[in-house]
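Q: For reference, this is structure00.txt, and it has compact mmCIF, C-alpha atoms.
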```txt
# COMPACT_ATOMS: atom_id res chain seq x y z
CA MET R 1082 6.26 -54.03 4.60
CA THR R 1083 6.31 -51.33 1.97
CA ALA R 1084 3.02 -50.51 0.33
CA LYS R 1085 2.60 -51.48 -3.32
CA ALA R 1086 2.33 -48.90 -6.06
CA THR R 1087 -0.67 -48.30 -8.24
CA THR R 1088 -0.59 -46.54 -11.62
CA SER R 1089 -2.97 -45.07 -14.17
CA ALA R 1090 -3.02 -48.48 -15.87
CA THR R 1091 -3.97 -50.45 -12.75
CA PHE R 1092 -5.92 -47.85 -10.77
CA GLU R 1093 -9.34 -49.06 -11.92
CA GLN R 1094 -8.67 -52.60 -10.75
CA ASP R 1095 -6.48 -51.80 -7.71
CA VAL R 1096 -8.61 -49.05 -6.25
CA LEU R 1097 -11.98 -48.43 -7.87
CA GLN R 1098 -12.98 -52.12 -8.12
CA ALA R 1099 -11.43 -53.16 -4.80
CA ASP R 1100 -13.61 -54.92 -2.23
CA GLY R 1101 -12.54 -53.12 0.93
CA PRO R 1102 -11.34 -49.57 1.64
CA VAL R 1103 -8.15 -48.51 -0.14
CA LEU R 1104 -5.99 -45.61 0.99
CA VAL R 1105 -4.12 -44.05 -1.93
CA ASP R 1106 -1.03 -42.06 -0.95
CA PHE R 1107 -0.38 -39.42 -3.64
CA TRP R 1108 3.35 -38.70 -3.39
CA ALA R 1109 6.51 -37.70 -5.28
CA GLU R 1110 10.27 -38.18 -4.92
CA TRP R 1111 10.92 -34.48 -4.44
CA CYS R 1112 8.41 -34.07 -1.62
CA GLY R 1113 10.18 -34.21 1.77
CA PRO R 1114 7.02 -34.58 3.88
CA CYS R 1115 5.90 -37.45 1.61
CA ARG R 1116 9.03 -39.39 2.47
CA MET R 1117 8.33 -38.80 6.16
CA VAL R 1118 4.74 -39.99 6.10
CA SER R 1119 5.36 -42.99 3.86
CA PRO R 1120 6.79 -45.34 6.54
CA VAL R 1121 4.01 -44.29 8.93
CA LEU R 1122 1.40 -45.40 6.38
CA ASP R 1123 3.29 -48.66 5.91
CA GLU R 1124 3.08 -49.28 9.65
CA ILE R 1125 -0.63 -48.58 9.74
CA ALA R 1126 -1.15 -50.95 6.81
CA THR R 1127 0.94 -53.68 8.43
CA GLU R 1128 -0.92 -53.36 11.73
CA ASN R 1129 -4.36 -53.45 10.07
CA PRO R 1130 -3.96 -56.04 7.31
CA ASP R 1131 -7.64 -57.00 6.97
CA LYS R 1132 -9.08 -53.54 7.42
CA ILE R 1133 -7.45 -51.22 4.93
CA THR R 1134 -5.17 -51.50 1.89
CA VAL R 1135 -2.52 -48.83 1.36
CA LEU R 1136 -1.30 -48.10 -2.17
CA LYS R 1137 1.14 -45.45 -3.39
CA LEU R 1138 0.55 -43.31 -6.44
CA ASN R 1139 3.47 -41.34 -7.86
CA VAL R 1140 2.03 -38.04 -9.13
CA ASP R 1141 5.06 -37.41 -11.34
CA GLU R 1142 4.46 -40.62 -13.25
CA ASN R 1143 0.65 -40.46 -13.15
CA PRO R 1144 -0.28 -36.79 -13.59
CA ASP R 1145 -3.66 -37.70 -15.10
CA LEU R 1146 -4.86 -39.17 -11.80
CA ALA R 1147 -3.40 -36.28 -9.79
CA MET R 1148 -5.40 -33.94 -11.98
CA LYS R 1149 -8.56 -36.06 -11.89
CA TYR R 1150 -8.59 -36.05 -8.10
CA GLN R 1151 -7.63 -32.35 -7.94
CA ILE R 1152 -4.43 -32.87 -6.02
CA THR R 1153 -2.71 -29.54 -5.37
CA SER R 1154 -0.80 -30.45 -2.24
CA ILE R 1155 1.09 -33.58 -1.27
CA PRO R 1156 1.26 -35.81 0.60
CA ALA R 1157 -2.46 -36.29 -0.05
CA MET R 1158 -4.14 -39.45 1.18
CA LYS R 1159 -7.55 -40.44 -0.09
CA VAL R 1160 -9.58 -43.40 1.08
CA PHE R 1161 -11.66 -44.99 -1.68
CA GLU R 1162 -14.65 -47.24 -1.04
CA LYS R 1163 -16.69 -48.71 -3.87
CA GLY R 1164 -14.95 -46.38 -6.30
CA GLU R 1165 -15.67 -43.19 -4.39
CA VAL R 1166 -13.49 -40.92 -2.28
CA LYS R 1167 -14.77 -41.17 1.29
CA THR R 1168 -11.99 -39.46 3.25
CA SER R 1169 -9.26 -36.99 2.30
CA ILE R 1170 -6.20 -36.21 4.39
CA ILE R 1171 -3.70 -33.56 3.34
CA GLY R 1172 -0.20 -33.11 4.71
CA ALA R 1173 2.18 -35.26 6.74
CA LYS R 1174 0.91 -36.03 10.22
CA PRO R 1175 2.12 -38.11 13.17
CA LYS R 1176 0.88 -41.67 13.38
CA PHE R 1177 -1.66 -41.06 16.14
CA ALA R 1178 -3.21 -38.19 14.16
CA LEU R 1179 -3.49 -40.35 11.03
CA GLU R 1180 -5.02 -43.15 13.08
CA GLN R 1181 -7.62 -40.69 14.33
CA ASP R 1182 -8.41 -39.54 10.80
CA LEU R 1183 -8.73 -43.18 9.73
CA ALA R 1184 -10.51 -44.40 12.88
CA ALA R 1185 -13.65 -45.42 10.97
CA TYR R 1186 -11.62 -47.93 8.93
CA LEU R 1187 -9.33 -49.23 11.67
CA LYS R 1188 -12.05 -50.36 14.12
CA MET C 465 17.97 -42.82 33.27
CA ARG C 466 19.75 -41.04 30.45
CA GLN C 467 22.03 -38.06 30.77
CA LEU C 468 20.61 -35.99 27.93
CA ILE C 469 17.53 -35.87 25.72
CA ILE C 470 17.47 -33.51 22.74
CA ILE C 471 14.05 -32.56 21.42
CA GLY C 472 14.19 -31.56 17.77
CA SER C 473 16.17 -32.72 14.73
CA GLY C 474 16.88 -29.53 12.79
CA PRO C 475 20.36 -27.98 12.58
CA ALA C 476 20.23 -26.95 16.27
CA GLY C 477 19.12 -30.33 17.64
CA LEU C 478 21.46 -32.40 15.48
CA THR C 479 24.49 -30.18 16.08
CA ALA C 480 23.80 -30.43 19.81
CA ALA C 481 23.63 -34.20 19.28
CA ILE C 482 27.02 -34.26 17.52
CA TYR C 483 28.70 -32.37 20.37
CA ALA C 484 26.91 -34.30 23.11
CA ALA C 485 27.64 -37.66 21.49
CA ARG C 486 31.33 -36.79 21.12
CA ALA C 487 31.31 -35.91 24.84
CA ASN C 488 30.02 -39.46 25.54
CA LEU C 489 26.66 -38.26 26.82
CA ASN C 490 24.84 -40.83 24.63
CA PRO C 491 22.06 -38.38 23.79
CA LEU C 492 18.60 -39.46 22.72
CA VAL C 493 17.28 -37.27 19.90
CA VAL C 494 13.48 -37.09 19.78
CA ALA C 495 13.31 -36.32 16.08
CA SER C 496 9.50 -36.17 15.68
CA SER C 497 7.53 -38.66 13.59
CA VAL C 498 6.92 -36.56 10.47
CA ASP C 499 8.95 -33.35 10.78
CA VAL C 500 12.34 -35.07 10.95
CA GLY C 501 15.10 -32.71 9.88
CA GLY C 502 13.05 -29.59 10.45
CA GLU C 503 12.47 -26.71 8.13
CA LEU C 504 15.38 -27.43 5.78
CA MET C 505 13.57 -30.58 4.62
CA ASN C 506 11.23 -28.32 2.67
CA THR C 507 13.95 -26.27 1.00
CA THR C 508 15.89 -27.01 -2.13
CA GLU C 509 19.33 -25.47 -2.60
CA VAL C 510 21.06 -24.20 0.56
CA GLU C 511 23.78 -21.81 -0.61
CA ASN C 512 24.78 -20.15 2.65
CA PHE C 513 25.76 -23.03 4.92
CA PRO C 514 29.52 -22.78 5.44
CA GLY C 515 31.62 -25.53 3.92
CA PHE C 516 29.48 -26.23 0.85
CA PRO C 517 30.81 -23.95 -1.91
CA GLU C 518 28.63 -25.65 -4.53
CA GLY C 519 25.55 -25.47 -2.31
CA ILE C 520 23.71 -28.46 -0.91
CA GLN C 521 20.10 -29.65 -0.98
CA GLY C 522 18.34 -29.03 2.36
CA PRO C 523 17.37 -32.71 2.89
CA ASP C 524 20.92 -33.83 2.01
CA LEU C 525 22.40 -31.44 4.57
CA MET C 526 20.08 -32.79 7.25
CA ALA C 527 20.92 -36.40 6.33
CA LYS C 528 24.62 -35.57 6.71
CA LEU C 529 24.09 -33.89 10.09
CA GLN C 530 22.12 -36.91 11.30
CA ALA C 531 24.76 -39.36 10.04
CA GLN C 532 27.43 -37.33 11.82
CA ALA C 533 25.48 -37.43 15.11
CA GLU C 534 24.82 -41.18 14.77
CA ARG C 535 28.47 -41.87 13.98
CA PHE C 536 29.35 -40.74 17.52
CA GLY C 537 26.55 -42.66 19.20
CA ALA C 538 23.51 -40.37 19.24
CA GLU C 539 20.28 -42.37 19.23
CA ILE C 540 17.58 -41.01 16.90
CA ARG C 541 13.96 -41.76 17.81
CA TYR C 542 11.25 -41.04 15.20
CA ASP C 543 8.62 -40.07 17.69
CA ASP C 544 7.01 -36.87 18.97
CA ALA C 545 7.45 -35.29 22.37
CA VAL C 546 3.88 -34.71 23.52
CA GLU C 547 4.42 -33.69 27.15
CA LEU C 548 7.35 -32.54 29.25
CA GLU C 549 8.04 -32.60 32.97
CA LEU C 550 10.93 -30.24 33.50
CA ASP C 551 10.94 -29.39 37.21
CA GLY C 552 13.23 -31.29 39.53
CA PRO C 553 16.42 -33.20 38.83
CA VAL C 554 14.73 -35.88 36.67
CA LYS C 555 13.24 -34.54 33.44
CA ARG C 556 10.55 -36.62 31.77
CA VAL C 557 9.60 -36.64 28.10
CA VAL C 558 6.31 -38.33 27.21
CA LEU C 559 6.38 -39.58 23.62
CA GLY C 560 3.57 -39.99 21.10
CA THR C 561 3.75 -43.78 21.51
CA GLY C 562 3.11 -43.33 25.25
CA ASN C 563 6.66 -44.26 26.22
CA VAL C 564 8.32 -42.06 28.83
CA GLU C 565 12.02 -41.20 28.63
CA GLU C 566 13.94 -39.72 31.56
CA ALA C 567 17.13 -37.69 31.64
CA SER C 568 19.10 -35.32 33.85
CA ALA C 569 19.19 -32.63 31.19
CA ILE C 570 17.13 -31.54 28.19
CA VAL C 571 18.01 -29.58 25.08
CA PHE C 572 14.84 -28.02 23.69
CA ALA C 573 15.25 -27.29 19.95
CA THR C 574 11.78 -27.52 18.46
CA GLY C 575 12.29 -24.75 15.93
CA SER C 576 9.47 -22.74 14.48
CA ALA C 577 6.29 -23.33 12.51
CA TYR C 578 4.90 -21.54 9.46
CA ARG C 579 2.90 -18.47 10.32
CA LYS C 580 -0.61 -18.23 8.91
CA ILE C 581 -2.23 -15.11 7.50
CA GLY C 582 -5.21 -15.78 9.74
CA ILE C 583 -8.09 -15.35 7.29
CA GLU C 584 -10.99 -17.71 6.73
CA GLY C 585 -10.24 -18.77 3.15
CA GLU C 586 -6.69 -19.74 4.10
CA GLN C 587 -7.77 -22.60 6.35
CA ARG C 588 -10.70 -23.65 4.18
CA LEU C 589 -8.64 -23.87 0.99
CA SER C 590 -5.49 -25.25 2.61
CA GLY C 591 -4.38 -28.09 0.35
CA HIS C 592 -6.75 -26.86 -2.36
CA GLY C 593 -4.56 -24.10 -3.71
CA VAL C 594 -3.24 -22.62 -0.46
CA SER C 595 0.15 -24.01 0.45
CA TRP C 596 3.11 -23.47 2.76
CA CYS C 597 5.52 -25.65 0.81
CA ALA C 598 6.59 -24.54 -2.67
CA THR C 599 8.89 -27.53 -3.16
CA CYS C 600 6.02 -29.92 -2.35
CA ASP C 601 3.20 -28.29 -4.24
CA GLY C 602 4.67 -26.10 -6.99
CA PHE C 603 4.44 -29.03 -9.42
CA PHE C 604 0.64 -28.85 -9.39
CA PHE C 605 0.57 -25.28 -10.70
CA ARG C 606 2.06 -25.79 -14.16
CA GLU C 607 1.18 -22.95 -16.51
CA GLN C 608 -1.03 -21.36 -13.87
CA GLU C 609 -0.93 -17.96 -12.21
CA ILE C 610 -0.11 -18.01 -8.54
CA ALA C 611 0.94 -15.70 -5.72
CA VAL C 612 3.59 -15.80 -3.03
CA VAL C 613 2.76 -13.74 0.05
CA GLY C 614 5.70 -12.32 2.00
CA GLY C 615 8.84 -10.20 1.73
CA GLY C 616 11.66 -12.21 3.27
CA ASP C 617 14.25 -14.62 1.95
CA SER C 618 11.89 -17.57 1.99
CA ALA C 619 9.28 -15.63 -0.03
CA MET C 620 11.93 -14.75 -2.65
CA GLU C 621 13.19 -18.32 -2.74
CA GLU C 622 9.68 -19.75 -3.14
CA ALA C 623 8.76 -17.24 -5.85
CA THR C 624 11.93 -17.95 -7.81
CA PHE C 625 11.47 -21.70 -7.43
CA LEU C 626 7.81 -21.54 -8.48
CA THR C 627 8.66 -19.87 -11.81
CA ARG C 628 9.80 -23.35 -12.92
CA PHE C 629 6.16 -24.35 -13.02
CA ALA C 630 3.87 -21.33 -12.98
CA SER C 631 3.31 -19.04 -15.95
CA LYS C 632 3.27 -16.07 -13.59
CA VAL C 633 4.11 -15.49 -9.94
CA TYR C 634 2.76 -12.43 -8.12
CA LEU C 635 4.82 -11.50 -5.09
CA ILE C 636 2.43 -9.80 -2.71
CA HIS C 637 4.00 -7.72 0.03
CA ARG C 638 2.55 -5.34 2.60
CA ARG C 639 5.24 -2.72 2.27
CA ASP C 640 7.16 -1.13 -0.62
CA GLU C 641 10.50 -2.65 0.30
CA LEU C 642 11.72 -6.14 1.09
CA ARG C 643 13.29 -7.71 4.14
CA ALA C 644 15.02 -10.31 1.96
CA SER C 645 18.78 -10.37 1.39
CA LYS C 646 20.09 -8.43 -1.63
CA ILE C 647 21.07 -11.50 -3.63
CA MET C 648 17.60 -13.04 -3.24
CA GLN C 649 15.88 -9.75 -4.06
CA GLU C 650 17.90 -9.29 -7.22
CA ARG C 651 17.17 -12.81 -8.37
CA ALA C 652 13.44 -12.15 -7.96
CA PHE C 653 13.57 -8.65 -9.55
CA ASN C 654 15.37 -10.05 -12.59
CA ASP C 655 12.91 -12.89 -13.12
CA PRO C 656 10.52 -11.99 -15.96
CA LYS C 657 7.82 -14.30 -14.55
CA ILE C 658 7.69 -12.54 -11.16
CA GLU C 659 5.53 -9.45 -10.77
CA PHE C 660 5.72 -7.52 -7.51
CA VAL C 661 2.48 -6.33 -5.93
CA TRP C 662 3.55 -3.73 -3.36
CA ASN C 663 1.70 -2.23 -0.38
CA SER C 664 -0.96 -4.90 -0.46
CA GLU C 665 -2.44 -7.15 2.16
CA VAL C 666 -4.32 -10.37 1.39
CA VAL C 667 -7.65 -10.01 3.21
CA ASP C 668 -9.52 -12.90 1.59
CA ILE C 669 -8.85 -15.97 -0.52
CA LEU C 670 -11.62 -16.78 -2.97
CA GLY C 671 -12.89 -20.10 -4.30
CA GLU C 672 -15.33 -22.88 -3.46
CA SER C 673 -13.35 -26.10 -3.84
CA ALA C 674 -10.17 -24.54 -5.25
CA VAL C 675 -8.53 -21.13 -5.17
CA THR C 676 -9.81 -18.74 -7.84
CA GLY C 677 -8.35 -15.48 -6.58
CA VAL C 678 -7.42 -13.22 -3.70
CA VAL C 679 -8.83 -9.97 -2.38
CA LEU C 680 -6.12 -7.37 -1.83
CA LYS C 681 -6.36 -4.32 0.38
CA SER C 682 -4.04 -1.42 -0.26
CA THR C 683 -1.99 -0.51 2.82
CA VAL C 684 -1.72 3.03 1.40
CA ASP C 685 -5.33 4.08 0.79
CA GLY C 686 -7.37 1.08 1.97
CA SER C 687 -8.84 0.39 -1.46
CA MET C 688 -9.79 -3.19 -2.33
CA ARG C 689 -9.32 -5.18 -5.51
CA GLU C 690 -9.52 -8.75 -6.69
CA LEU C 691 -6.65 -10.58 -8.32
CA PRO C 692 -7.62 -13.81 -10.12
CA LEU C 693 -5.14 -16.67 -9.64
CA GLN C 694 -5.06 -20.42 -8.90
CA GLY C 695 -2.61 -20.79 -6.05
CA VAL C 696 -1.41 -18.95 -2.94
CA PHE C 697 1.90 -19.78 -1.25
CA VAL C 698 2.19 -18.26 2.21
CA ALA C 699 5.72 -17.26 3.27
CA ILE C 700 5.19 -14.58 5.91
CA GLY C 701 7.49 -15.98 8.54
CA ASN C 702 7.53 -18.43 11.39
CA ASP C 703 6.52 -18.62 15.02
CA PRO C 704 8.58 -20.42 17.65
CA ARG C 705 7.17 -23.82 18.57
CA THR C 706 6.74 -23.38 22.31
CA HIS C 707 3.42 -25.07 23.10
CA LEU C 708 5.16 -27.89 25.01
CA VAL C 709 6.77 -25.47 27.47
CA HIS C 710 4.01 -22.92 28.11
CA GLY C 711 3.88 -22.32 31.86
CA LYS C 712 7.07 -24.36 32.26
CA LEU C 713 9.79 -22.20 30.75
CA GLU C 714 9.88 -18.45 30.76
CA LEU C 715 9.25 -16.87 27.35
CA THR C 716 10.30 -13.50 25.95
CA ALA C 717 7.98 -10.75 24.73
CA GLU C 718 8.59 -12.06 21.19
CA GLY C 719 7.34 -15.50 22.20
CA THR C 720 10.70 -17.27 22.06
CA VAL C 721 12.10 -19.30 24.96
CA TRP C 722 14.04 -17.02 27.28
CA VAL C 723 17.73 -17.89 27.74
CA ASP C 724 20.31 -16.34 30.04
CA GLY C 725 22.50 -13.97 28.02
CA ARG C 726 24.55 -15.70 25.35
CA SER C 727 24.08 -19.09 27.00
CA SER C 728 21.36 -21.64 26.29
CA ARG C 729 20.25 -21.81 29.95
CA THR C 730 16.47 -21.44 30.29
CA SER C 731 14.60 -20.42 33.44
CA VAL C 732 14.68 -24.06 34.63
CA PRO C 733 18.00 -25.64 35.68
CA GLY C 734 19.02 -28.53 33.46
CA VAL C 735 16.86 -27.35 30.57
CA PHE C 736 18.70 -25.75 27.68
CA ALA C 737 17.22 -24.29 24.50
CA ALA C 738 18.68 -23.73 21.06
CA GLY C 739 17.88 -22.72 17.50
CA ASP C 740 14.83 -20.92 16.11
CA VAL C 741 12.87 -21.51 19.31
CA ILE C 742 15.12 -18.97 21.12
CA ASP C 743 15.87 -16.74 18.14
CA PRO C 744 13.43 -14.04 16.99
CA THR C 745 16.01 -12.39 14.75
CA TYR C 746 18.50 -14.42 12.72
CA ARG C 747 16.97 -17.88 12.25
CA GLN C 748 19.58 -19.30 9.87
CA ALA C 749 20.74 -22.90 9.57
CA ALA C 750 24.25 -21.76 10.53
CA THR C 751 23.12 -19.75 13.58
CA ALA C 752 20.93 -22.66 14.69
CA ALA C 753 23.92 -25.00 14.43
CA GLY C 754 25.99 -22.58 16.53
CA SER C 755 23.17 -22.34 19.03
CA GLY C 756 22.98 -26.14 19.25
CA THR C 757 26.71 -26.20 19.97
CA VAL C 758 26.21 -23.78 22.88
CA ALA C 759 23.38 -25.91 24.28
CA ALA C 760 25.42 -29.12 24.17
CA LEU C 761 28.38 -27.46 25.89
CA ASP C 762 26.13 -25.92 28.54
CA ALA C 763 24.44 -29.28 29.11
CA GLU C 764 27.80 -31.02 29.35
CA HIS C 765 28.96 -28.47 31.92
CA TYR C 766 25.74 -28.86 33.92
CA LEU C 767 25.97 -32.67 33.89
CA ALA C 768 29.62 -32.55 34.98
CA ALA C 769 28.70 -30.30 37.90
CA LEU C 770 25.85 -32.69 38.80
CA GLY C 771 28.29 -35.58 38.81
CA GLU C 772 30.52 -33.73 41.25
CA ALA C 773 27.88 -32.26 43.52
CA GLY C 774 24.93 -34.65 43.29
CA ALA C 775 21.58 -32.95 42.88
CA PRO C 776 21.63 -29.45 41.37
CA GLN C 777 21.52 -26.65 43.90
CA VAL C 778 20.84 -23.77 41.55
CA ASP C 779 17.44 -22.22 42.09
CA ALA C 780 15.79 -20.71 39.03
CA ASP C 781 15.12 -17.44 40.86
CA GLU C 782 18.79 -16.97 41.62
CA ILE C 783 19.85 -16.70 38.00
CA SER C 784 21.05 -13.15 37.78
CA GLY C 785 20.30 -10.61 35.11
CA ARG C 786 17.06 -12.10 33.91
CA PRO C 787 15.34 -9.37 31.91
CA GLU C 788 11.68 -8.49 32.30
CA VAL C 789 11.41 -8.13 28.55
CA ALA C 790 13.30 -9.71 25.69
CA PRO C 791 16.87 -8.54 25.29
CA SER C 792 17.64 -6.82 22.02
CA PRO C 793 19.88 -8.79 19.67
CA ALA C 794 22.67 -6.29 20.20
CA ALA C 795 22.62 -6.81 23.99
```
Before anything else, please render the file you have as structure tokens.

A:
Amino acid sequence: MTAKATTSATFEQDVLQADGPVLVDFWAEWCGPCRMVSPVLDEIATENPDKITVLKLNVDENPDLAMKYQITSIPAMKVFEKGEVKTSIIGAKPKFALEQDLAAYLK
Amino acid sequence: MRQLIIIGSGPAGLTAAIYAARANLNPLVVASSVDVGGELMNTTEVENFPGFPEGIQGPDLMAKLQAQAERFGAEIRYDDAVELELDGPVKRVVLGTGNVEEASAIVFATGSAYRKIGIEGEQRLSGHGVSWCATCDGFFFREQEIAVVGGGDSAMEEATFLTRFASKVYLIHRRDELRASKIMQERAFNDPKIEFVWNSEVVDILGESAVTGVVLKSTVDGSMRELPLQGVFVAIGNDPRTHLVHGKLELTAEGTVWVDGRSSRTSVPGVFAAGDVIDPTYRQAATAAGSGTVAALDAEHYLAALGEAGAPQVDADEISGRPEVAPSPAA
């Protein structure tokens, strides 16, 4: 299952107002490592359906949000809870390393 | 048990896979989970790979190499090798998923990893203005002033690429001349947005939550000065990725995997190495591909001899001519 996209228009509802934790994957077409990590995030989302939601945010199409969250390096993954950034992960990592970073949400 | 496992999916690993697959060795390529395709995945235009007069995008070249290997039956696994057992006739590769794959021969082609400057601010501000990937992160520095640290081809390429976004790119280099090829140097010299900062070493990167500047130390008189800027791209070279084989394969003084002369034979029979991980000098996509070819042919020869003679009888200590120190490239 491929994660859904969120945009500047839907971010408030999709992410900030969401009930559970939401991981936002800041990515772009031209970013090789982003394309590598994307299917890994999909797997984690599929394996943990009730624990964490994964959404993709294209920084090319939504530069306002990239700027707001001070993204200077992608892939950047931020976990939001109750509208606040709780965890930030920067750079493509293997699945087991991502699972470690996200352990608090995957329990 | 398989005949051959290839660890790495850059030009060396995939070229080895093409040759091995065409020799009906049904190789398994452990491609890694996130670094598939190796270093070329982070480059844009590759202009010096033979056969592409118009140039080719790094990721496109790697996709073609992979398709070519798969066409002849190579199996690509998107997983990481986390542990190796290389002694004895059966080699074992433990994968990130916990699965264990076994083979009679291994081609080790793990490439190299970005070198770090090794200063405190670099780690702290990594991802907050300090980057190793211009193609990934240049976009975020529109109309800002940034620096590229280094003096080789990749530093020139990054600096030139970054002028698309940045208002100014400082190229900070420790010496007063460049290691980069003439064509890349000229391109950088002629770019009005690039300013060279010679004889300078970055000794600190400043900023709380984002980069605000660097501290430079003159390599001539030791004087210090601050240069305000918003981004630092580090391109000071690469180190061979050998952590999986420490204590298992002999290394050279330069830290690369030792191989016997012009072959790909390592200090352990049945284990062959190719690409950047054995090459402290050239480190080109084309030389890595050639090196992968050598490894596949050596592995094929080794497996054929195994088939004829049963278990291998070659003892590592009997390999002749093993140098105490790294051979020079001219040797």

Q: Using all atoms listed in the file, find each residue of stretch 611-714 of chain C with at least one atom at most 12 Å away from an atom of stretch 747-765 of chain C; report its shortest atom-to-atom pair and that distance in Å (one decimal), sort the rows by chain and rising residue number, and return the result as CSV.

A:
```
residue,atom,partner,partner_atom,distance
C:Gly616,CA,C:Arg747,CA,11.9
C:Asp617,CA,C:Gln748,CA,10.6
C:Ser618,CA,C:Gln748,CA,11.1
C:Gly701,CA,C:Arg747,CA,10.4
C:Asn702,CA,C:Arg747,CA,9.5
C:Asp703,CA,C:Arg747,CA,10.8
C:Pro704,CA,C:Arg747,CA,10.3
```

Q: Contacts of R:Ile1171 at 10 Å or less, counting all atoms listed in the file, minus same-chain residues fewer than 5 places along, as a ChimeraX atom specification?

A: /R:1106-1107,1152-1159 /C:590-592

Q: Show me, as a PDB file with C-alpha atoms, in the coordinates of the input, every residue of chain C with an atom at most 10 Å from chain R, counting all atoms listed in the file.

A:
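Generated file (iface-v1.pdb):
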```pdb
ATOM      1  CA  SER C 496       9.500 -36.170  15.680  1.00  0.00           C
ATOM      2  CA  SER C 497       7.530 -38.660  13.590  1.00  0.00           C
ATOM      3  CA  VAL C 498       6.920 -36.560  10.470  1.00  0.00           C
ATOM      4  CA  ASP C 499       8.950 -33.350  10.780  1.00  0.00           C
ATOM      5  CA  VAL C 500      12.340 -35.070  10.950  1.00  0.00           C
ATOM      6  CA  GLY C 501      15.100 -32.710   9.880  1.00  0.00           C
ATOM      7  CA  LEU C 504      15.380 -27.430   5.780  1.00  0.00           C
ATOM      8  CA  MET C 505      13.570 -30.580   4.620  1.00  0.00           C
ATOM      9  CA  ASN C 506      11.230 -28.320   2.670  1.00  0.00           C
ATOM     10  CA  THR C 507      13.950 -26.270   1.000  1.00  0.00           C
ATOM     11  CA  THR C 508      15.890 -27.010  -2.130  1.00  0.00           C
ATOM     12  CA  GLY C 522      18.340 -29.030   2.360  1.00  0.00           C
ATOM     13  CA  PRO C 523      17.370 -32.710   2.890  1.00  0.00           C
ATOM     14  CA  TYR C 542      11.250 -41.040  15.200  1.00  0.00           C
ATOM     15  CA  ASP C 543       8.620 -40.070  17.690  1.00  0.00           C
ATOM     16  CA  ASP C 544       7.010 -36.870  18.970  1.00  0.00           C
ATOM     17  CA  GLY C 560       3.570 -39.990  21.100  1.00  0.00           C
ATOM     18  CA  THR C 561       3.750 -43.780  21.510  1.00  0.00           C
ATOM     19  CA  SER C 590      -5.490 -25.250   2.610  1.00  0.00           C
ATOM     20  CA  GLY C 591      -4.380 -28.090   0.350  1.00  0.00           C
ATOM     21  CA  HIS C 592      -6.750 -26.860  -2.360  1.00  0.00           C
ATOM     22  CA  GLY C 593      -4.560 -24.100  -3.710  1.00  0.00           C
ATOM     23  CA  VAL C 594      -3.240 -22.620  -0.460  1.00  0.00           C
ATOM     24  CA  SER C 595       0.150 -24.010   0.450  1.00  0.00           C
ATOM     25  CA  TRP C 596       3.110 -23.470   2.760  1.00  0.00           C
ATOM     26  CA  CYS C 597       5.520 -25.650   0.810  1.00  0.00           C
ATOM     27  CA  ALA C 598       6.590 -24.540  -2.670  1.00  0.00           C
ATOM     28  CA  THR C 599       8.890 -27.530  -3.160  1.00  0.00           C
ATOM     29  CA  CYS C 600       6.020 -29.920  -2.350  1.00  0.00           C
ATOM     30  CA  ASP C 601       3.200 -28.290  -4.240  1.00  0.00           C
ATOM     31  CA  GLY C 602       4.670 -26.100  -6.990  1.00  0.00           C
ATOM     32  CA  PHE C 603       4.440 -29.030  -9.420  1.00  0.00           C
ATOM     33  CA  PHE C 604       0.640 -28.850  -9.390  1.00  0.00           C
ATOM     34  CA  PHE C 605       0.570 -25.280 -10.700  1.00  0.00           C
ATOM     35  CA  SER C 673     -13.350 -26.100  -3.840  1.00  0.00           C
ATOM     36  CA  ALA C 674     -10.170 -24.540  -5.250  1.00  0.00           C
ATOM     37  CA  GLY C 695      -2.610 -20.790  -6.050  1.00  0.00           C
TER      38      GLY C 695
END
```

Q: To one decimal in Å, tell me the separation between atom CA of C:Ile469 and atom CA of C:Thr745.

A: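 For atom CA of C:Ile469 relative to atom CA of C:Thr745, the distance reads 26.0 Å.
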
Q: Taking 2 positions as the minimum chain separation for residues in the same chain, which residues sit within 8 Å of stretch 1164-1168 of chain R when counting all atoms listed in the file? Answer as a list in words.

A: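 Residues meeting the cut-off are Val1096, Leu1097, Gln1098, Ala1099, Lys1159, Val1160, Phe1161, Glu1162 and Ile1170 of chain R.
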
Q: Dump C-alpha atoms for the selected residues as a PDB file, in the frame of the given file?

A:
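The result, stored in result_5.pdb:
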```pdb
ATOM      1  CA  VAL R1096      -8.610 -49.050  -6.250  1.00  0.00           C
ATOM      2  CA  LEU R1097     -11.980 -48.430  -7.870  1.00  0.00           C
ATOM      3  CA  GLN R1098     -12.980 -52.120  -8.120  1.00  0.00           C
ATOM      4  CA  ALA R1099     -11.430 -53.160  -4.800  1.00  0.00           C
ATOM      5  CA  LYS R1159      -7.550 -40.440  -0.090  1.00  0.00           C
ATOM      6  CA  VAL R1160      -9.580 -43.400   1.080  1.00  0.00           C
ATOM      7  CA  PHE R1161     -11.660 -44.990  -1.680  1.00  0.00           C
ATOM      8  CA  GLU R1162     -14.650 -47.240  -1.040  1.00  0.00           C
ATOM      9  CA  ILE R1170      -6.200 -36.210   4.390  1.00  0.00           C
TER      10      ILE R1170
END
```
